[in-house]
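Data block below; observations after.
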Number of protein chains: 2
Amino acid sequence: MGERRRGAVLEQALLDASWQELEEGGYARFTMDAVAARAGTSRPVLYRRWSDRSELLRATIVHALQRNRVRAPEDTGSLRGDLLALMSEISRTRAEFVTMMSVHLAGYFEETGTDPTALREVIGHDQPHALDVVYERAAARGELDLSRLSARVKALPFTLLQLELLTTLKTVPVAALEEILDTIVLPLLGTD
Amino acid sequence: MGERRRGAVLEQALLDASWQELEEGGYARFTMDAVAARAGTSRPVLYRRWSDRSELLRATIVHALQRNRVRAPEDTGSLRGDLLALMSEISRTRAEFVTMMSVHLAGYFEETGTDPTALREVIGHDQPHALDVVYERAAARGELDLSRLSARVKALPFTLLQLELLTTLKTVPVAALEEILDTIVLPLLGTD
DNA sequence: CTCCTAAGATACGTCTGTGTTTCTTATTTG
DNA sequence: CAAATAAGAAACACAGACGTATCTTAGGAG
């Protein structure tokens, strides 16, 4: 009837619709019908591009990840500032992914027997790196003695943030991040 | 044909089979058919007791919880000992529940729009209490100054254990618990 | 302007699981 | 031992979603 989208434009629209559908309806209501309807088209258009529901799902996740990269944290001049910036960034950009992975996609992993850690690694991939950068900066400033810290302690900012995200499924307020830093992380890092 | 179970005996067997089915197949394969087959009976027997799949699910969870209560921790004479005992206990008895709730039942919560926290509270219900008991004992011994501790810090042993369970989905080795205690929890509690 | 590709609509067959009905037969109860 | 009760088997209609096949028509390529 009306106008018709084609090629890449259409494909992006399909993937966007697919992601939205996942966010709102979850995996349970993630049907080819629903995605097609939301995108204002019909199932065959989807099947021409992805052979399967699970292929569409994978493509959708990759698509969303590409649209939403974690940027490297800027140097704020202090360990506390760097950590706060990094955690805020992760909290803001990754909250929806954590929700997606833990809540919505559990059914998918279960169904396919896929390992969730595989995708979790993709998500968390840049964080350890970014964290290390922050720690090395702090060590260079003389704020930190890296050799005295165990892996578990070093991972703590990310660990606690992750749990906060997992349990609340929302962006963590800066005040909560500061509390985590000031009462837990920084005292343990020996910056006191 | 063969022998027939009846009444309460049958009902327990049904719920056991139901729980097993959830553990092995997850919510995705948690069908009335599958449960009936595993219990060696047929669907009408299930429907005579529970009107719904979701009712059967709820009953199954309650059943499993009742079979598996967290015992109050015994006094070991020290805060470290008490915490280690409590965490081991929780780790051992709750690992399967955490897996169930986070991995298998996500689909259920999604489908029904139920809040996972409702059931999580049932599970975690005794823990804060048990933790408080442990802290009060320690305060009575003079090991601890309770007034200086924030809620977040006090919850840390349980928080970290929970995350460990969530990410590994297995019973946490005692060595890991000791590391958590010695390098994170106890230093922060001011027992150093 | 014409041809060709692919979008979008519709309809189809299939499969899986639900919840129900009917019937036979084992077991408990009085 | 007789009667009531409930277990277990089989079949049913129904709904939702899958994946496909067919047809039309819009929009880009030559």
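Numbering starts fresh at 1 for the residues of each chain in the structure tokens, the chains themselves are lettered A, B, ... in the order given, and ligands are numbered from 1 as they appear.
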Output as a Markdown table one row per residue of chain B within 9 Å of chain A: the closest atom pair and its distance in Å to one decimal place, counting only C-alpha atoms, sorted by chain and residue number ascending.
```
| residue | atom | partner | partner_atom | distance |
| --- | --- | --- | --- | --- |
| B:Gly25 | CA | A:Glu110 | CA | 8.1 |
| B:Gly26 | CA | A:Glu110 | CA | 6.6 |
| B:Tyr27 | CA | A:Gly107 | CA | 7.6 |
| B:Ala28 | CA | A:Glu111 | CA | 6.1 |
| B:Arg29 | CA | A:Glu111 | CA | 7.9 |
| B:Ser102 | CA | A:Ser102 | CA | 7.3 |
| B:Val103 | CA | A:Ala106 | CA | 5.5 |
| B:His104 | CA | A:Ala106 | CA | 6.9 |
| B:Leu105 | CA | A:Gly107 | CA | 8.3 |
| B:Ala106 | CA | A:Val103 | CA | 5.4 |
| B:Gly107 | CA | A:Gly107 | CA | 5.3 |
| B:Tyr108 | CA | A:Ala28 | CA | 8.7 |
| B:Phe109 | CA | A:Val103 | CA | 8.6 |
| B:Glu110 | CA | A:Gly26 | CA | 6.5 |
| B:Glu111 | CA | A:Ala28 | CA | 6.1 |
| B:Thr117 | CA | A:Thr167 | CA | 8.5 |
| B:Ser150 | CA | A:Thr183 | CA | 8.4 |
| B:Arg152 | CA | A:Ile180 | CA | 8.2 |
| B:Val153 | CA | A:Ile184 | CA | 7.2 |
| B:Thr159 | CA | A:Leu163 | CA | 7.9 |
| B:Leu160 | CA | A:Leu160 | CA | 8.0 |
| B:Gln162 | CA | A:Leu163 | CA | 8.5 |
| B:Leu163 | CA | A:Leu163 | CA | 6.3 |
| B:Thr167 | CA | A:Thr117 | CA | 8.5 |
| B:Glu179 | CA | A:Arg152 | CA | 8.6 |
| B:Ile180 | CA | A:Arg152 | CA | 8.2 |
| B:Thr183 | CA | A:Val153 | CA | 7.4 |
| B:Ile184 | CA | A:Leu188 | CA | 7.0 |
| B:Pro187 | CA | A:Leu188 | CA | 7.5 |
| B:Leu188 | CA | A:Ile184 | CA | 7.0 |
```
Selection near DG27 of chain D, 10 Å with only C-alpha atoms (C1' of nucleotides), sequence-local residues under 6 positions removed, as a PyMOL selection string: (chain A and resi 3-6) or (chain C and resi 5-7)
Find the residues of chain D that sit at most 9 Å from chain A; for each, write down the nearest two atoms and how far apart they are in Å, to one decimal. Count only C-alpha atoms (C1' of nucleotides). Sort by chain, then by number going up, and give it as CSV.
```
residue,atom,partner,partner_atom,distance
D:DA17,C1',A:Thr31,CA,7.4
D:DC18,C1',A:Met32,CA,8.6
D:DG19,C1',A:Tyr47,CA,8.3
D:DT20,C1',A:Pro44,CA,8.7
D:DT25,C1',A:Met1,CA,8.3
D:DA26,C1',A:Arg4,CA,6.8
D:DG27,C1',A:Arg4,CA,7.8
```
Keeping only N, CA and C atoms (P, O5', C5', C4', C3', O3' and C1' of nucleotides), take the residues you just selected and write them out as a PDB file, in the first residue's frame.
```
ATOM      1  P    DA D  17       1.765 -16.771  20.367  1.00  0.00           P
ATOM      2  O5'  DA D  17       2.796 -17.416  19.349  1.00  0.00           O
ATOM      3  C5'  DA D  17       3.698 -18.402  19.811  1.00  0.00           C
ATOM      4  C4'  DA D  17       4.188 -19.207  18.647  1.00  0.00           C
ATOM      5  C3'  DA D  17       4.757 -18.373  17.498  1.00  0.00           C
ATOM      6  O3'  DA D  17       6.151 -18.613  17.397  1.00  0.00           O
ATOM      7  C1'  DA D  17       3.405 -20.169  16.732  1.00  0.00           C
ATOM      8  P    DC D  18       7.046 -17.959  16.280  1.00  0.00           P
ATOM      9  O5'  DC D  18       7.383 -19.232  15.388  1.00  0.00           O
ATOM     10  C5'  DC D  18       7.765 -20.446  16.009  1.00  0.00           C
ATOM     11  C4'  DC D  18       7.741 -21.556  14.977  1.00  0.00           C
ATOM     12  C3'  DC D  18       8.520 -21.230  13.719  1.00  0.00           C
ATOM     13  O3'  DC D  18       9.603 -22.144  13.594  1.00  0.00           O
ATOM     14  C1'  DC D  18       6.334 -22.052  13.196  1.00  0.00           C
ATOM     15  P    DG D  19      10.960 -21.655  12.929  1.00  0.00           P
ATOM     16  O5'  DG D  19      10.575 -21.877  11.389  1.00  0.00           O
ATOM     17  C5'  DG D  19      10.419 -23.215  10.940  1.00  0.00           C
ATOM     18  C4'  DG D  19       9.676 -23.246   9.623  1.00  0.00           C
ATOM     19  C3'  DG D  19      10.302 -22.415   8.502  1.00  0.00           C
ATOM     20  O3'  DG D  19      10.548 -23.261   7.395  1.00  0.00           O
ATOM     21  C1'  DG D  19       7.979 -22.103   8.603  1.00  0.00           C
ATOM     22  P    DT D  20      11.018 -22.721   5.996  1.00  0.00           P
ATOM     23  O5'  DT D  20       9.644 -22.766   5.195  1.00  0.00           O
ATOM     24  C5'  DT D  20       8.939 -23.994   5.090  1.00  0.00           C
ATOM     25  C4'  DT D  20       7.826 -23.875   4.052  1.00  0.00           C
ATOM     26  C3'  DT D  20       8.269 -23.292   2.707  1.00  0.00           C
ATOM     27  O3'  DT D  20       7.728 -24.103   1.665  1.00  0.00           O
ATOM     28  C1'  DT D  20       6.435 -22.064   3.547  1.00  0.00           C
ATOM     29  P    DT D  25      -2.465  -5.725  -7.110  1.00  0.00           P
ATOM     30  O5'  DT D  25      -1.043  -5.063  -6.821  1.00  0.00           O
ATOM     31  C5'  DT D  25      -0.862  -4.412  -5.563  1.00  0.00           C
ATOM     32  C4'  DT D  25       0.553  -3.904  -5.453  1.00  0.00           C
ATOM     33  C3'  DT D  25       0.913  -2.807  -6.467  1.00  0.00           C
ATOM     34  O3'  DT D  25       1.693  -1.848  -5.769  1.00  0.00           O
ATOM     35  C1'  DT D  25       2.542  -4.445  -6.484  1.00  0.00           C
ATOM     36  P    DA D  26       1.311  -0.305  -5.918  1.00  0.00           P
ATOM     37  O5'  DA D  26       2.562   0.371  -5.215  1.00  0.00           O
ATOM     38  C5'  DA D  26       2.907  -0.031  -3.893  1.00  0.00           C
ATOM     39  C4'  DA D  26       4.424  -0.021  -3.722  1.00  0.00           C
ATOM     40  C3'  DA D  26       5.119   1.210  -4.276  1.00  0.00           C
ATOM     41  O3'  DA D  26       6.045   1.663  -3.303  1.00  0.00           O
ATOM     42  C1'  DA D  26       6.080  -0.740  -5.224  1.00  0.00           C
ATOM     43  P    DG D  27       6.771   3.048  -3.379  1.00  0.00           P
ATOM     44  O5'  DG D  27       8.205   2.679  -3.959  1.00  0.00           O
ATOM     45  C5'  DG D  27       9.031   1.797  -3.217  1.00  0.00           C
ATOM     46  C4'  DG D  27      10.255   1.442  -4.026  1.00  0.00           C
ATOM     47  C3'  DG D  27      10.980   2.643  -4.636  1.00  0.00           C
ATOM     48  O3'  DG D  27      12.371   2.422  -4.487  1.00  0.00           O
ATOM     49  C1'  DG D  27      10.433   1.105  -6.323  1.00  0.00           C
TER      50       DG D  27
END
```
Run DSSP on the backbone and tell me which residues of segment 138-169 of chain A come out as helix (DSSP H, G or I); list them as a PyMOL selection string. chain A and resi 138-141+146-148+151-154+156-168
Take the residues from that selection and write them out as a PDB file, in the first residue's frame, keeping C-alpha atoms.
```
ATOM      1  CA  ALA A 138      46.276   5.273  39.862  1.00  0.00           C
ATOM      2  CA  ALA A 139      49.475   3.284  40.405  1.00  0.00           C
ATOM      3  CA  ALA A 140      51.380   5.776  38.277  1.00  0.00           C
ATOM      4  CA  ARG A 141      50.003   8.568  40.438  1.00  0.00           C
ATOM      5  CA  LEU A 146      48.965  -2.883  42.587  1.00  0.00           C
ATOM      6  CA  SER A 147      51.107  -5.781  43.745  1.00  0.00           C
ATOM      7  CA  ARG A 148      49.218  -6.061  47.025  1.00  0.00           C
ATOM      8  CA  ALA A 151      42.183 -10.381  41.499  1.00  0.00           C
ATOM      9  CA  ARG A 152      39.049 -10.657  43.584  1.00  0.00           C
ATOM     10  CA  VAL A 153      39.572  -7.337  45.267  1.00  0.00           C
ATOM     11  CA  LYS A 154      40.457  -5.622  42.010  1.00  0.00           C
ATOM     12  CA  LEU A 156      35.173  -5.663  43.243  1.00  0.00           C
ATOM     13  CA  PRO A 157      33.917  -2.406  41.652  1.00  0.00           C
ATOM     14  CA  PHE A 158      32.661  -4.311  38.687  1.00  0.00           C
ATOM     15  CA  THR A 159      31.370  -7.183  40.784  1.00  0.00           C
ATOM     16  CA  LEU A 160      29.312  -5.004  43.087  1.00  0.00           C
ATOM     17  CA  LEU A 161      27.976  -2.947  40.229  1.00  0.00           C
ATOM     18  CA  GLN A 162      26.975  -6.093  38.418  1.00  0.00           C
ATOM     19  CA  LEU A 163      25.059  -7.398  41.397  1.00  0.00           C
ATOM     20  CA  GLU A 164      23.361  -4.056  41.894  1.00  0.00           C
ATOM     21  CA  LEU A 165      22.278  -4.117  38.269  1.00  0.00           C
ATOM     22  CA  LEU A 166      21.146  -7.705  38.495  1.00  0.00           C
ATOM     23  CA  THR A 167      18.973  -7.170  41.514  1.00  0.00           C
ATOM     24  CA  THR A 168      17.492  -3.801  40.648  1.00  0.00           C
TER      25      THR A 168
END
```
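Residue list for chain C within 8 Å of chain B: DG17, DA26 and DT27 of chain C, counting only C-alpha atoms (C1' of nucleotides).
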Have a look at atom CA of Ala34 of chain B and atom CA of Leu57 of chain A and let me know their distance in Å, one decimal.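 Separating atom CA of Ala34 of chain B from atom CA of Leu57 of chain A is a distance of 26.8 Å.
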Ranking B:Gly7, B:Pro73, B:Leu169, B:Ala95 by minimum distance to DT28 of chain C and counting only C-alpha atoms (C1' of nucleotides), which one comes first?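 Closest candidate: B:Gly7.
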If you count only C-alpha atoms (C1' of nucleotides), which residues fall within 9 Å of His63 of chain B, apart from same-chain ones fewer than 4 positions away, as an NGL selection string? :B and (12 or 15-16 or 19 or 58-59 or 67-68)
Find the residues near DG8 of chain C: any atom within 8 Å, counting only C-alpha atoms (C1' of nucleotides), skip ones fewer than 6 places away on the same chain, and give them as an mmCIF file with N, CA and C atoms, in the first residue's frame.
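Saved the output as part_2.cif:
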```
data_model
loop_
_atom_site.group_PDB
_atom_site.id
_atom_site.type_symbol
_atom_site.label_atom_id
_atom_site.label_comp_id
_atom_site.auth_asym_id
_atom_site.auth_seq_id
_atom_site.Cartn_x
_atom_site.Cartn_y
_atom_site.Cartn_z
ATOM 1 N N THR A 41 5.524 -4.994 9.046
ATOM 2 C CA THR A 41 5.668 -5.828 7.859
ATOM 3 C C THR A 41 5.147 -7.232 8.172
ATOM 4 N N SER A 42 5.582 -8.213 7.424
ATOM 5 C CA SER A 42 5.065 -9.560 7.664
ATOM 6 C C SER A 42 6.193 -10.589 7.748
ATOM 7 N N VAL A 45 9.205 -11.463 5.248
ATOM 8 C CA VAL A 45 10.309 -10.500 5.167
ATOM 9 C C VAL A 45 11.411 -10.865 6.157
#
```
Find the distance between atom CA of Leu79 of chain A and atom CA of Val134 of chain A and write it in Å to one decimal.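 Atom CA of Leu79 of chain A sits 6.9 Å away from atom CA of Val134 of chain A.
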Please provide as a PyMOL selection string all residues within 9 Å of Ser88 of chain A, with the sequence filter that same-chain residues fewer than 6 positions apart are discarded (counting only C-alpha atoms (C1' of nucleotides)). chain A and resi 171-174+177
